[in-house]
Structure formats: C-alpha cells, structure tokens
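File shown here: query_33.cif, holding mmCIF, C-alpha atoms.
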data_target
loop_
_atom_site.label_atom_id
_atom_site.label_comp_id
_atom_site.auth_asym_id
_atom_site.auth_seq_id
_atom_site.Cartn_x
_atom_site.Cartn_y
_atom_site.Cartn_z
CA MET H 158 134.77 113.72 128.91
CA ALA H 159 136.59 115.53 126.21
CA LEU H 160 134.15 118.35 125.84
CA SER H 161 133.53 121.30 128.05
CA VAL H 162 130.28 122.05 129.80
CA ARG H 163 129.58 124.84 127.35
CA GLU H 164 129.72 122.48 124.41
CA TYR H 165 127.33 120.03 126.03
CA ARG H 166 124.93 122.87 126.73
CA ALA H 167 124.99 123.77 123.03
CA ARG H 168 124.23 120.18 122.09
CA ILE H 169 121.34 119.98 124.50
CA LYS H 170 119.94 123.17 123.05
CA SER H 171 120.13 121.99 119.46
CA THR H 172 118.63 118.60 120.33
CA GLU H 173 115.82 120.39 122.10
CA SER H 174 114.99 122.51 119.08
CA MET H 175 115.18 119.43 116.88
CA LYS H 176 112.76 117.74 119.23
CA LYS H 177 110.36 120.63 118.86
CA ILE H 178 110.44 120.18 115.09
CA THR H 179 109.90 116.42 115.13
CA ARG H 180 107.16 116.84 117.71
CA ALA H 181 105.41 119.38 115.50
CA MET H 182 105.71 117.08 112.49
CA GLU H 183 104.30 114.22 114.49
CA LEU H 184 101.28 116.28 115.45
CA ILE H 185 100.77 117.54 111.91
CA ALA H 186 100.91 114.01 110.54
CA ALA H 187 98.49 112.84 113.20
CA SER H 188 95.94 115.49 112.31
CA ARG H 189 96.32 114.98 108.57
CA ILE H 190 95.92 111.26 108.87
CA ILE H 191 92.37 111.71 110.05
CA LYS H 192 91.63 113.85 107.03
CA ALA H 193 93.25 111.32 104.74
CA GLN H 194 91.12 108.57 106.21
CA GLN H 195 88.01 110.67 105.76
CA ARG H 196 88.93 111.28 102.15
CA ALA H 197 89.39 107.56 101.62
CA GLN H 198 86.02 106.93 103.21
CA SER H 199 84.20 109.49 101.15
CA ALA H 200 85.66 108.04 97.97
CA ALA H 201 84.30 104.63 98.90
CA PRO H 202 80.69 105.08 97.65
CA TYR H 203 81.90 105.94 94.16
CA ALA H 204 84.17 102.90 94.02
CA ARG H 205 81.41 100.68 95.37
CA GLU H 206 78.79 101.84 92.85
CA LEU H 207 81.28 101.60 90.03
CA THR H 208 82.22 98.07 90.98
CA ARG H 209 78.56 97.13 91.08
CA ALA H 210 77.97 98.59 87.66
CA VAL H 211 81.02 96.89 86.18
CA SER H 212 80.12 93.52 87.56
CA ALA H 213 76.54 94.01 86.36
CA VAL H 214 77.73 94.62 82.82
CA ALA H 215 80.18 91.75 83.03
CA THR H 216 77.46 89.44 84.23
CA PHE H 217 74.75 90.39 81.78
CA SER H 218 76.59 90.83 78.57
CA ASN H 219 79.26 88.91 76.84
CA VAL H 220 81.10 91.87 75.57
CA ASP H 221 84.82 91.50 75.29
CA HIS H 222 86.66 94.67 75.92
CA ALA H 223 90.21 95.69 75.13
CA LEU H 224 90.83 96.30 78.83
CA THR H 225 89.74 92.86 79.95
CA THR H 226 91.33 90.60 77.36
CA GLU H 227 94.51 88.84 78.31
CA PRO H 228 97.21 89.31 75.71
CA GLU H 229 98.40 85.98 74.38
CA ASN H 230 101.99 86.32 75.20
CA PRO H 231 102.78 89.30 77.37
CA ARG H 232 106.18 90.79 76.64
CA ARG H 233 106.06 94.08 78.39
CA ALA H 234 104.67 95.19 81.70
CA ALA H 235 104.17 98.61 83.23
CA VAL H 236 104.62 99.12 86.95
CA LEU H 237 103.10 102.12 88.67
CA VAL H 238 105.04 102.90 91.82
CA VAL H 239 103.31 104.99 94.46
CA THR H 240 105.78 106.68 96.80
CA SER H 241 105.85 109.84 98.85
CA ASP H 242 107.07 113.29 97.89
CA ARG H 243 108.91 113.88 101.12
CA GLY H 244 111.05 111.79 103.36
CA LEU H 245 111.03 111.71 107.16
CA ALA H 246 108.54 108.90 107.05
CA GLY H 247 110.74 106.08 108.22
CA ALA H 248 111.00 103.17 105.86
CA TYR H 249 107.79 104.08 104.01
CA SER H 250 109.23 104.71 100.57
CA SER H 251 112.00 102.15 100.79
CA ASN H 252 109.48 99.44 101.69
CA VAL H 253 107.50 100.25 98.56
CA LEU H 254 110.65 100.32 96.46
CA ARG H 255 111.77 96.97 97.83
CA GLU H 256 108.41 95.50 96.82
CA VAL H 257 108.86 97.06 93.38
CA GLU H 258 112.28 95.48 92.97
CA ARG H 259 110.84 92.13 93.88
CA LEU H 260 108.01 92.51 91.36
CA VAL H 261 110.36 93.72 88.63
CA GLU H 262 112.61 90.75 89.30
CA LYS H 263 109.67 88.40 89.02
CA LEU H 264 108.40 89.97 85.79
CA ARG H 265 111.87 89.86 84.26
CA GLY H 266 112.02 86.21 85.25
CA GLU H 267 108.87 85.67 83.21
CA GLY H 268 110.59 87.22 80.24
CA LYS H 269 108.82 90.56 80.33
CA GLU H 270 110.38 93.93 79.97
CA VAL H 271 109.38 96.45 82.59
CA ASP H 272 108.36 100.07 82.13
CA LEU H 273 108.29 102.21 85.24
CA TYR H 274 105.71 104.85 86.02
CA VAL H 275 106.23 106.68 89.28
CA THR H 276 104.27 108.99 91.53
CA GLY H 277 106.08 110.84 94.29
CA ARG H 278 109.47 112.51 94.32
CA LYS H 279 111.14 109.83 96.45
CA GLY H 280 110.53 107.12 93.92
CA GLU H 281 111.54 109.36 91.06
CA ALA H 282 114.82 110.23 92.78
CA TYR H 283 115.52 106.59 93.56
CA PHE H 284 115.28 105.52 89.94
CA ARG H 285 117.04 108.59 88.60
CA PHE H 286 119.97 107.98 90.94
CA ARG H 287 120.25 104.44 89.61
CA GLN H 288 119.90 105.75 86.07
CA ARG H 289 116.87 103.64 85.33
CA ARG H 290 114.41 104.93 82.83
CA VAL H 291 111.13 106.17 84.19
CA VAL H 292 108.51 106.53 81.50
CA GLN H 293 106.51 109.12 83.35
CA ALA H 294 106.51 110.58 86.81
CA TRP H 295 103.89 112.59 88.66
CA THR H 296 104.89 114.52 91.77
CA GLY H 297 103.65 117.04 94.25
CA PHE H 298 100.48 115.53 95.69
CA SER H 299 101.44 112.43 97.63
CA ASP H 300 99.80 113.36 100.93
CA GLN H 301 96.56 114.64 99.46
CA PRO H 302 95.89 113.20 96.03
CA THR H 303 92.97 114.54 94.02
CA TYR H 304 90.83 112.61 91.61
CA ASP H 305 92.17 114.65 88.71
CA VAL H 306 95.63 113.25 89.29
CA ALA H 307 94.29 109.71 89.42
CA ALA H 308 92.39 110.35 86.19
CA ASP H 309 95.55 111.60 84.53
CA VAL H 310 97.62 108.64 85.69
CA GLY H 311 94.84 106.28 84.67
CA ALA H 312 94.51 107.80 81.22
CA THR H 313 98.26 107.47 80.63
CA LEU H 314 98.36 103.84 81.71
CA ILE H 315 95.27 102.93 79.73
CA ALA H 316 96.71 104.60 76.65
CA ALA H 317 99.91 102.59 77.06
CA PHE H 318 97.90 99.42 77.49
CA ILE H 319 95.54 100.02 74.58
CA SER H 320 98.29 101.00 72.17
CA ASP H 321 99.59 97.48 72.38
CA ASP H 322 97.49 95.48 69.99
CA GLY H 323 99.71 92.46 69.83
CA GLU H 324 101.51 93.54 66.71
CA GLU H 325 105.04 94.77 66.48
CA PRO H 326 105.00 98.53 67.01
CA ALA H 327 106.33 100.78 64.31
CA GLU H 328 109.97 101.68 64.62
CA GLY H 329 110.49 104.52 67.07
CA ALA H 330 106.94 104.56 68.35
CA PRO H 331 106.57 104.20 72.11
CA GLU H 332 105.91 100.59 72.88
CA GLY H 333 102.65 99.65 74.48
CA VAL H 334 102.44 97.37 77.47
CA ASP H 335 100.65 94.07 77.94
CA GLU H 336 99.93 94.37 81.60
CA VAL H 337 99.88 97.04 84.25
CA HIS H 338 100.77 96.53 87.88
CA VAL H 339 100.47 98.94 90.77
CA VAL H 340 102.63 98.91 93.88
CA TYR H 341 101.30 100.97 96.74
CA THR H 342 101.11 100.84 100.50
CA ARG H 343 97.91 99.49 101.88
CA PHE H 344 96.68 101.15 105.04
CA ARG H 345 95.73 98.39 107.42
CA SER H 346 95.73 100.35 110.63
CA MET H 347 97.62 103.16 112.29
CA LEU H 348 100.30 100.68 113.23
CA LEU H 349 100.41 98.50 110.18
CA GLN H 350 100.88 99.54 106.59
CA GLU H 351 102.03 97.02 104.07
CA PRO H 352 103.37 97.49 100.59
CA THR H 353 101.13 95.67 98.14
CA ALA H 354 101.49 94.82 94.47
CA VAL H 355 98.36 94.26 92.41
CA ARG H 356 97.75 93.73 88.73
CA LEU H 357 95.51 96.44 87.40
CA LEU H 358 95.26 95.56 83.73
CA PRO H 359 94.02 93.45 82.07
CA LEU H 360 91.11 93.82 84.44
CA GLU H 361 89.86 90.85 86.31
CA VAL H 362 86.26 91.68 86.81
CA VAL H 363 84.75 89.85 89.68
CA GLU H 364 81.81 88.26 88.00
CA GLY H 365 78.42 88.51 89.54
CA GLU H 366 77.33 90.79 92.29
CA GLU H 367 77.31 89.52 95.79
CA ARG H 368 74.83 86.67 96.04
CA PRO H 369 71.41 88.25 95.92
CA GLY H 370 68.79 87.50 98.48
CA GLU H 371 65.70 85.74 97.14
CA ALA H 372 63.71 88.94 97.23
CA ASP H 373 65.86 90.91 94.84
CA LEU H 374 67.08 88.86 91.98
CA LEU H 375 69.71 90.41 89.80
CA PRO H 376 68.01 92.97 87.64
CA LEU H 377 68.14 92.50 83.93
CA TYR H 378 69.67 95.78 82.93
CA GLU H 379 68.90 97.65 79.78
CA PHE H 380 72.00 99.26 78.45
CA GLU H 381 71.91 102.63 76.87
CA PRO H 382 73.15 103.25 74.21
CA SER H 383 74.58 99.70 74.05
CA PRO H 384 76.43 97.31 76.36
CA ALA H 385 79.67 97.86 74.46
CA GLU H 386 79.46 101.61 74.76
CA VAL H 387 78.53 101.50 78.41
CA LEU H 388 81.50 99.26 79.05
CA ASP H 389 83.68 101.56 77.02
CA SER H 390 83.08 104.45 79.32
CA LEU H 391 82.72 102.35 82.46
CA LEU H 392 86.01 100.48 82.43
CA PRO H 393 88.42 103.42 82.13
CA ARG H 394 86.60 105.03 85.04
CA TYR H 395 86.88 101.83 86.99
CA VAL H 396 90.62 101.78 86.41
CA GLN H 397 90.90 105.41 87.45
CA SER H 398 88.94 104.82 90.56
CA ARG H 399 91.21 101.89 91.47
CA ILE H 400 94.23 104.15 91.03
CA PHE H 401 92.56 106.83 93.11
CA PHE H 402 91.96 104.24 95.80
CA ALA H 403 95.63 103.25 95.70
CA LEU H 404 96.73 106.88 95.97
CA LEU H 405 94.43 107.54 98.90
CA GLN H 406 95.61 104.45 100.72
CA ALA H 407 99.19 105.43 100.06
CA ALA H 408 98.55 108.93 101.39
CA ALA H 409 97.09 107.61 104.62
CA SER H 410 99.95 105.14 104.96
CA GLU H 411 102.54 107.81 104.33
CA LEU H 412 101.11 109.99 107.06
CA ALA H 413 100.90 107.09 109.47
CA ALA H 414 104.50 106.14 108.72
CA ARG H 415 105.58 109.73 109.18
CA GLN H 416 103.76 110.02 112.46
CA LYS H 417 105.43 106.87 113.71
CA ALA H 418 108.87 107.93 112.53
CA MET H 419 108.52 111.36 114.08
CA LYS H 420 107.28 109.92 117.33
CA SER H 421 110.34 107.74 117.68
CA ALA H 422 112.54 110.68 116.65
CA THR H 423 110.99 112.73 119.44
CA ASP H 424 111.50 109.91 121.90
CA ASN H 425 115.11 109.56 120.83
CA ALA H 426 115.65 113.28 121.23
CA ASP H 427 114.27 113.01 124.76
CA GLU H 428 116.73 110.29 125.57
CA LEU H 429 119.64 112.16 124.04
CA ILE H 430 118.80 115.26 126.03
CA LYS H 431 118.71 113.22 129.22
CA LYS H 432 122.07 111.67 128.43
CA TYR H 433 123.70 114.96 127.55
CA LYS H 434 122.33 116.59 130.68
CA ARG H 435 123.90 113.88 132.78
CA ILE H 436 127.28 114.21 131.09
CA ALA H 437 127.12 117.98 131.30
CA ASN H 438 126.41 117.82 135.03
CA GLN H 439 129.28 115.43 135.53
CA ALA H 440 131.56 117.75 133.62
CA ARG H 441 130.36 120.67 135.68
CA GLN H 442 131.01 118.85 138.95
CA ALA H 443 134.41 117.70 137.76
CA GLY H 444 135.21 121.31 136.96
CA ILE H 445 134.15 122.46 140.43
CA THR H 446 136.13 119.70 142.12
CA GLN H 447 139.17 120.63 140.12
CA GLU H 448 138.82 124.31 141.00
CA ILE H 449 138.48 123.52 144.70
CA SER H 450 141.51 121.28 144.73
CA GLU H 451 143.44 123.96 142.85
CA ILE H 452 142.48 126.57 145.42
CA VAL H 453 143.28 124.25 148.32
CA GLY H 454 146.56 123.33 146.66
CA GLY H 455 147.34 127.00 146.08
CA VAL H 456 146.57 127.95 149.71
CA ASN H 457 148.71 125.09 150.99
CA ALA H 458 151.55 126.09 148.76
CA LEU H 459 151.30 129.69 149.97
CA ALA H 460 151.20 128.55 153.60
CA ASP H 461 154.25 126.34 153.06
CA ALA H 462 156.11 129.17 151.42
CA GLN H 463 155.30 131.54 154.30
CA ALA H 464 156.32 128.96 156.91
CA GLY H 465 159.62 128.49 155.12
CA SER H 466 160.45 132.23 154.99
CA GLU H 467 159.73 132.84 158.66
CA MET Q 1175 60.79 95.47 96.21
CA SER Q 1176 58.20 97.76 94.77
CA GLY Q 1177 57.65 101.05 96.45
CA SER Q 1178 56.50 104.39 95.27
CA GLN Q 1179 59.77 106.13 95.98
CA LEU Q 1180 63.18 106.12 94.46
CA GLN Q 1181 66.32 105.76 96.54
CA VAL Q 1182 68.65 108.22 94.93
CA GLU Q 1183 72.39 108.55 95.36
CA LEU Q 1184 74.42 111.19 93.61
CA VAL Q 1185 78.05 110.21 93.94
CA ALA Q 1186 81.13 112.10 92.87
CA ALA Q 1187 84.57 110.52 92.73
CA ASP Q 1188 85.61 111.95 96.06
CA ARG Q 1189 82.38 112.21 98.00
CA LEU Q 1190 78.73 111.32 98.30
CA VAL Q 1191 76.96 114.46 97.15
CA TRP Q 1192 73.39 113.65 98.01
CA SER Q 1193 71.34 110.67 98.96
CA GLY Q 1194 67.73 110.34 99.84
CA GLU Q 1195 64.27 109.55 98.58
CA ALA Q 1196 62.80 111.07 95.47
CA THR Q 1197 59.79 110.78 93.22
CA MET Q 1198 61.48 111.69 89.96
CA VAL Q 1199 64.96 112.01 88.52
CA ILE Q 1200 65.84 113.67 85.24
CA ALA Q 1201 69.29 113.28 83.75
CA ARG Q 1202 70.91 113.76 80.40
CA THR Q 1203 72.29 110.65 78.74
CA THR Q 1204 74.17 110.36 75.47
CA GLU Q 1205 70.80 109.71 73.84
CA GLY Q 1206 69.00 112.65 75.38
CA ASP Q 1207 67.22 113.50 78.60
CA VAL Q 1208 65.64 110.66 80.50
CA GLY Q 1209 63.13 110.94 83.26
CA ILE Q 1210 62.99 108.18 85.81
CA LEU Q 1211 59.93 107.47 87.84
CA PRO Q 1212 59.47 104.79 90.49
CA ASN Q 1213 59.36 101.22 89.17
CA HIS Q 1214 61.47 102.07 86.17
CA ALA Q 1215 63.00 99.11 84.37
CA PRO Q 1216 66.60 98.36 85.34
CA MET Q 1217 68.87 100.48 83.25
CA LEU Q 1218 72.50 101.36 82.97
CA SER Q 1219 73.32 104.32 80.85
CA VAL Q 1220 76.05 106.78 80.08
CA ILE Q 1221 75.39 110.38 81.00
CA ILE Q 1222 77.14 113.44 79.67
CA GLU Q 1223 77.92 116.82 81.16
CA GLY Q 1224 74.62 118.30 82.12
CA VAL Q 1225 72.08 118.92 84.77
CA VAL Q 1226 70.46 116.39 87.04
CA ASP Q 1227 67.06 117.35 88.30
CA VAL Q 1228 65.57 115.55 91.28
CA GLN Q 1229 62.17 115.92 92.90
CA THR Q 1230 62.51 114.73 96.42
CA ALA Q 1231 59.91 112.81 98.35
CA ASP Q 1232 58.96 115.88 100.36
CA GLY Q 1233 58.09 117.81 97.24
CA GLU Q 1234 61.24 119.83 96.89
CA THR Q 1235 63.40 120.06 93.82
CA TRP Q 1236 67.13 120.24 93.64
CA VAL Q 1237 69.44 120.56 90.74
CA ALA Q 1238 73.03 119.52 90.34
CA ALA Q 1239 75.59 119.97 87.60
CA VAL Q 1240 77.43 116.79 86.77
CA ASP Q 1241 80.27 115.69 84.56
CA ALA Q 1242 80.23 112.69 82.31
CA GLY Q 1243 79.44 109.51 84.18
CA PHE Q 1244 76.76 106.88 84.68
CA LEU Q 1245 73.26 106.35 85.71
CA SER Q 1246 72.12 103.05 87.02
CA VAL Q 1247 68.58 102.17 87.93
CA ALA Q 1248 67.51 98.93 89.55
CA ASN Q 1249 64.85 98.02 92.07
CA ASN Q 1250 63.96 101.66 92.59
CA ARG Q 1251 67.54 102.48 93.42
CA VAL Q 1252 69.00 105.20 91.28
CA SER Q 1253 72.72 105.87 91.41
CA ILE Q 1254 74.22 108.72 89.51
CA LEU Q 1255 77.99 108.49 89.29
CA SER Q 1256 80.09 111.28 88.03
CA GLU Q 1257 83.68 112.27 88.46
CA ARG Q 1258 82.57 115.71 89.53
CA ALA Q 1259 79.19 116.78 90.75
CA GLU Q 1260 78.05 119.99 92.33
CA MET Q 1261 74.72 120.90 93.86
CA SER Q 1262 73.34 124.17 92.55
CA HIS Q 1263 73.91 125.98 95.83
CA GLU Q 1264 77.58 125.03 95.77
CA ILE Q 1265 78.17 126.60 92.40
CA ASP Q 1266 79.54 130.07 92.14
CA LEU Q 1267 77.68 131.63 89.23
CA GLU Q 1268 80.34 134.24 88.53
CA THR Q 1269 83.07 131.61 88.22
CA ALA Q 1270 80.88 129.48 86.01
CA ARG Q 1271 80.14 132.41 83.68
CA HIS Q 1272 83.80 133.27 83.61
CA ASP Q 1273 84.68 129.65 82.77
CA LEU Q 1274 82.15 129.66 79.96
CA GLU Q 1275 83.57 132.86 78.50
CA ARG Q 1276 87.05 131.44 78.62
CA ALA Q 1277 86.03 128.09 77.18
CA LYS Q 1278 84.20 129.77 74.31
CA SER Q 1279 86.90 132.28 73.55
CA SER Q 1280 89.74 129.77 73.66
CA GLY Q 1281 88.94 129.16 70.02
CA GLU Q 1282 89.86 125.54 70.16
CA ASN Q 1283 87.59 123.12 68.48
CA ASP Q 1284 88.43 119.73 69.92
CA ASP Q 1285 86.52 117.44 72.22
CA ALA Q 1286 88.10 118.85 75.34
CA ALA Q 1287 86.98 122.37 74.44
CA HIS Q 1288 83.43 121.24 73.75
CA GLU Q 1289 83.44 119.41 77.04
CA ALA Q 1290 84.58 122.51 78.87
CA VAL Q 1291 81.81 124.55 77.26
CA ARG Q 1292 79.18 121.94 78.09
CA ARG Q 1293 80.42 121.72 81.66
CA ALA Q 1294 80.28 125.46 82.19
CA GLU Q 1295 76.86 125.68 80.58
CA ALA Q 1296 75.57 122.89 82.77
CA ARG Q 1297 76.72 124.69 85.88
CA ILE Q 1298 75.07 127.92 84.86
CA ARG Q 1299 71.88 126.13 83.91
CA ALA Q 1300 71.83 124.33 87.24
CA VAL Q 1301 71.94 127.62 89.10
CA GLU Q 1302 69.29 129.18 86.90
CA LEU Q 1303 66.97 126.22 87.23
CA ALA Q 1304 67.32 126.20 90.96
CA SER Q 1305 66.55 129.88 91.43
#

Kindly transcribe the structure held in the file into structure tokens.
Amino acid sequence: MALSVREYRARIKSTESMKKITRAMELIAASRIIKAQQRAQSAAPYARELTRAVSAVATFSNVDHALTTEPENPRRAAVLVVTSDRGLAGAYSSNVLREVERLVEKLRGEGKEVDLYVTGRKGEAYFRFRQRRVVQAWTGFSDQPTYDVAADVGATLIAAFISDDGEEPAEGAPEGVDEVHVVYTRFRSMLLQEPTAVRLLPLEVVEGEERPGEADLLPLYEFEPSPAEVLDSLLPRYVQSRIFFALLQAAASELAARQKAMKSATDNADELIKKYKRIANQARQAGITQEISEIVGGVNALADAQAGSE
Amino acid sequence: MSGSQLQVELVAADRLVWSGEATMVIARTTEGDVGILPNHAPMLSVIIEGVVDVQTADGETWVAAVDAGFLSVANNRVSILSERAEMSHEIDLETARHDLERAKSSGENDDAAHEAVRRAEARIRAVELAS
C-alpha cells in the first residue's frame, strides 16, 4: 500500500488505454485473418492444376530434370525461414525459429553446411543479433504476401540450387546448394498453427495422378514443344507456387497467432484494471479512515485542552 | 467422356479468373497460336505472353491477357495457368498503353524488356479484340 490513490488512478488509466490498443489489434487481426484465408483459398486452384500437370509429365515421360535429381553427396543445404515482420504475435516467430534451429542442427549432424534465407523482419533480426550470416532476406509483406514475392524468392532459391552442379565451385563464387528446405507455420485452424519443415528441392514429384476411375483413363498427353521444355518451365513454377503456398499459410498463421496473443493481452489488462481498482479503493478508504481518526483525535485533544484550562 | 463442350478454367496464381463451358479456345503457345475445339487430343503446352480467346457455350466471346504459363487439355477439360491473367474488362487501356510506351522507350534489349513489351501489347490487344 505504498502508493497513493492518485498513482493507482494513473495506472488504471494507462492500462485502460493499453487495453484499447490490444483490443483494436485483436479485431484487426481477426478481420484480416478471413482475408488471408480467402487468399489462400483462391490460390488453391492454381496449385492444384500445377500439381496435376507436373505429375502428368512425371508419369508420362522419363525426363530427368535438374530440379528433381538427388545430388550424390549433398554438402550444402539452404533453409528458407518464413517469419513475421512484426511482433505482438505471441510465440509465432520464436516457434518457427526453434524449428529452424532443430533443422539446422540435424543438417549439420549430417555433415551439411547451412545457408539461411529469411523472409520477415523478425527472423532477420534474430539471425543478425546472433551474427549469423543470412544469404538473403526479404521483408515487408509477411501478412499479405503477393505472388511476385514468392516468384522472386523461388527464383533465388532455384538459382542457388541449379548453380551447384556437383563440381567444386570456382574460388570466390557463391556456392550453390544441394538441397532446399522451407520452414513455415502451417495453418491448421484458428487455434492451432504448427511450425513445419519441408524439403522443397530436389523435388519429390508424387508420381501418378490420383487413381483414375475406369471411365477416364489417364490421358496420353502430347507435349508441346517437347516434354523436356514443358518440364523446364513447369517445375520452377511449381516451386514458386509451393513457396507462395507456404507464405500464405504463414500469413494466416501469423494473424491467428496475433489475434490470440492480443486477446489474452486484453484479458490480462481487464484483470489488472480490476486489481488496481480494488487496491485504489482500499487506499481511498484507508485515507478516509485516517482523516476521520485525525479529526476525532484533534477534537478530543481540543476538548481535553479546554477542560484543563477551565 | 466425350461431349461437345469444353470445360475451361483460366487460373492465375492468386485466383480463379474464369471457369465455365466453351466451344473454342485460342491461345498462343511458344510454337504459335493454337485453337482448341472439343475432343482435342490431350496436350500440355507452354504458352507465352499473349491473348486467350474463348467462345463460350452461350455464343459469347471473351478475351483475356495472360502471362507466360501453361495450357493443358485432357478429356475436354482445358486449363490455362498463368502467373497473371486479366480479363479484358479488367484492363485499364490507358495504363497498358503507358506501360507499352515505357517498356519500348526503356531502350533495354534483354529478355525482361521483350517480355514487358509483349505483356503490354497483349493487354492492349485484349482490350481491342473485346471491343
């Protein structure tokens, strides 16, 4: 009870305005999450058609492609880390980063060196603070990624992957990588988002389309201009669309995590306000009691003094 | 599965642009324009920046400008995939013309510049064809 009533009032006020802010952020996140989910849904047809096309090519032609061949002994791996640009989303970014550390540990254990590629300011700051080299970072879009960004990220990773042809790179040239992993947060539901690590390259194409019904047997595609060329332009797009998918999932997860974090912040603020109000009232009553006893004491003292002089 | 109509889907990376029934689809592949009629042989081909022309089942025609992508035909299902696709009525002609001017006057002569020119031209052509 060290503080005066006035000081408690000030605390209540500041907690109340904080609560307004967290409440607003909660509502904003809640409304954006719907948009993020819609975006993820509207990107689905493209991914679906692309997957169909890729598996069709993989099934009907025996073309080996640079993006699908497993390097004989992988020495270097790239990890794309998808984090958020802003905090206030609970453990969202740190969960992803913990998953990254685990993956990096595992890859190092297999004798591979790890190159980091990061999206989102939080991840970038994390690695910069620890003075770990980040090959490339993209920031400024984490809650509403566009396809252009995914295409850019994809092109960079593919270039790094392709440039490794199994031979020793020239001195000073940037080293290519033998595999590419992505760590992002999968959006399971509003309540559950889990950090996931997947290997992106070399691609594992799921062979064969879903079992066809008797009526429509798998069509024997003609490839124009040639299977190799179709694959050449198909696979990079497939990779980009996978990255886009990861970014969209991460965006939805980030917003869900933020909504949850802000909701509990608002609840905590409510509780704090209640507690402070109680203490402030106690302090106020204690003050009144003290004043009364001072007055009574003063009157008594006066009365005693008068009685003594008479 | 033989019918007299094509099930067409025009899909961009971030949305489904159009889907429905059609009687003919024309698109530009790396080899040149192809026209697809019902019961076309299964085909998977690479398309470049250009215009996709579709005659719908109810006799209407619509045009869209697309970026590089793919065309797949099987069992009377036609899917056109492109990173970006715009229906003619979504294109702002002024912006497209402006883009073309800029792309042409940039003076660069690499693949990216050619692509930009082709893209802008495709958008303008889509609007002109539709009107």

Could you list the residues chosen by the PyMOL selection byres ((chain H) within 9 of (chain Q)) in this structure as a CSV table (one decimal) with C-alpha atoms, keeping the file's coordinate frame?
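The new file expr.csv reads:
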chain,number,residue,atom,x,y,z
H,196,ARG,CA,88.9,111.3,102.2
H,197,ALA,CA,89.4,107.6,101.6
H,198,GLN,CA,86.0,106.9,103.2
H,199,SER,CA,84.2,109.5,101.2
H,200,ALA,CA,85.7,108.0,98.0
H,201,ALA,CA,84.3,104.6,98.9
H,202,PRO,CA,80.7,105.1,97.6
H,203,TYR,CA,81.9,105.9,94.2
H,204,ALA,CA,84.2,102.9,94.0
H,206,GLU,CA,78.8,101.8,92.8
H,207,LEU,CA,81.3,101.6,90.0
H,210,ALA,CA,78.0,98.6,87.7
H,214,VAL,CA,77.7,94.6,82.8
H,303,THR,CA,93.0,114.5,94.0
H,304,TYR,CA,90.8,112.6,91.6
H,305,ASP,CA,92.2,114.6,88.7
H,372,ALA,CA,63.7,88.9,97.2
H,373,ASP,CA,65.9,90.9,94.8
H,375,LEU,CA,69.7,90.4,89.8
H,376,PRO,CA,68.0,93.0,87.6
H,377,LEU,CA,68.1,92.5,83.9
H,378,TYR,CA,69.7,95.8,82.9
H,379,GLU,CA,68.9,97.6,79.8
H,380,PHE,CA,72.0,99.3,78.4
H,381,GLU,CA,71.9,102.6,76.9
H,382,PRO,CA,73.2,103.2,74.2
H,383,SER,CA,74.6,99.7,74.0
H,384,PRO,CA,76.4,97.3,76.4
H,386,GLU,CA,79.5,101.6,74.8
H,387,VAL,CA,78.5,101.5,78.4
H,390,SER,CA,83.1,104.4,79.3
H,391,LEU,CA,82.7,102.4,82.5
H,394,ARG,CA,86.6,105.0,85.0
H,398,SER,CA,88.9,104.8,90.6
H,401,PHE,CA,92.6,106.8,93.1

Residues selected by the PyMOL selection byres ((chain H and resi 221) around 12), written as an NGL selection string: :H and (214-216 or 218-220 or 222-227 or 359-360 or 362 or 384-386 or 388-389 or 392)

Residues matched by the PyMOL selection byres ((chain H and resi 274) around 12) as a PyMOL selection string: chain H and resi 234-240+257+271-273+275-278+280-281+284+289-296+310-311+313-314+317+334+337-340

Nearest candidate to Glu267 of chain H (options H:Asn230, H:Pro393, H:Asn438, H:Asp242; using all atoms listed in the file):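 Once distances to Glu267 of chain H are computed over all atoms listed in the file, the minimum belongs to H:Asn230.
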
Selection near Lys170 of chain H, 12 Å with only C-alpha atoms, sequence-local residues under 4 positions removed, as a count of residues only: 15

Please give the centre and size of the box around segment 1182-1186 of chain Q (axis-aligned, containing every atom listed in the file, 3 Å added per side), with values in Å to one decimal and written as JSON.
{"center_x": 74.9, "center_y": 110.2, "center_z": 94.1, "size_x": 18.5, "size_y": 9.9, "size_z": 8.5}

Length of the atom CA of Gly244 of chain H to atom CA of Glu411 of chain H vector [Å]: 9.4 Å

Exercise: segment 1199-1201 of chain Q partners within 8 Å, all atoms listed in the file, chain neighbours under 3 positions left out, as a list in words: Ala1196, Asp1207, Val1208, Gly1209, Ile1210, Leu1211, Ile1221, Gly1224, Val1225, Val1226, Asp1227, Val1228 and Gln1229 of chain Q
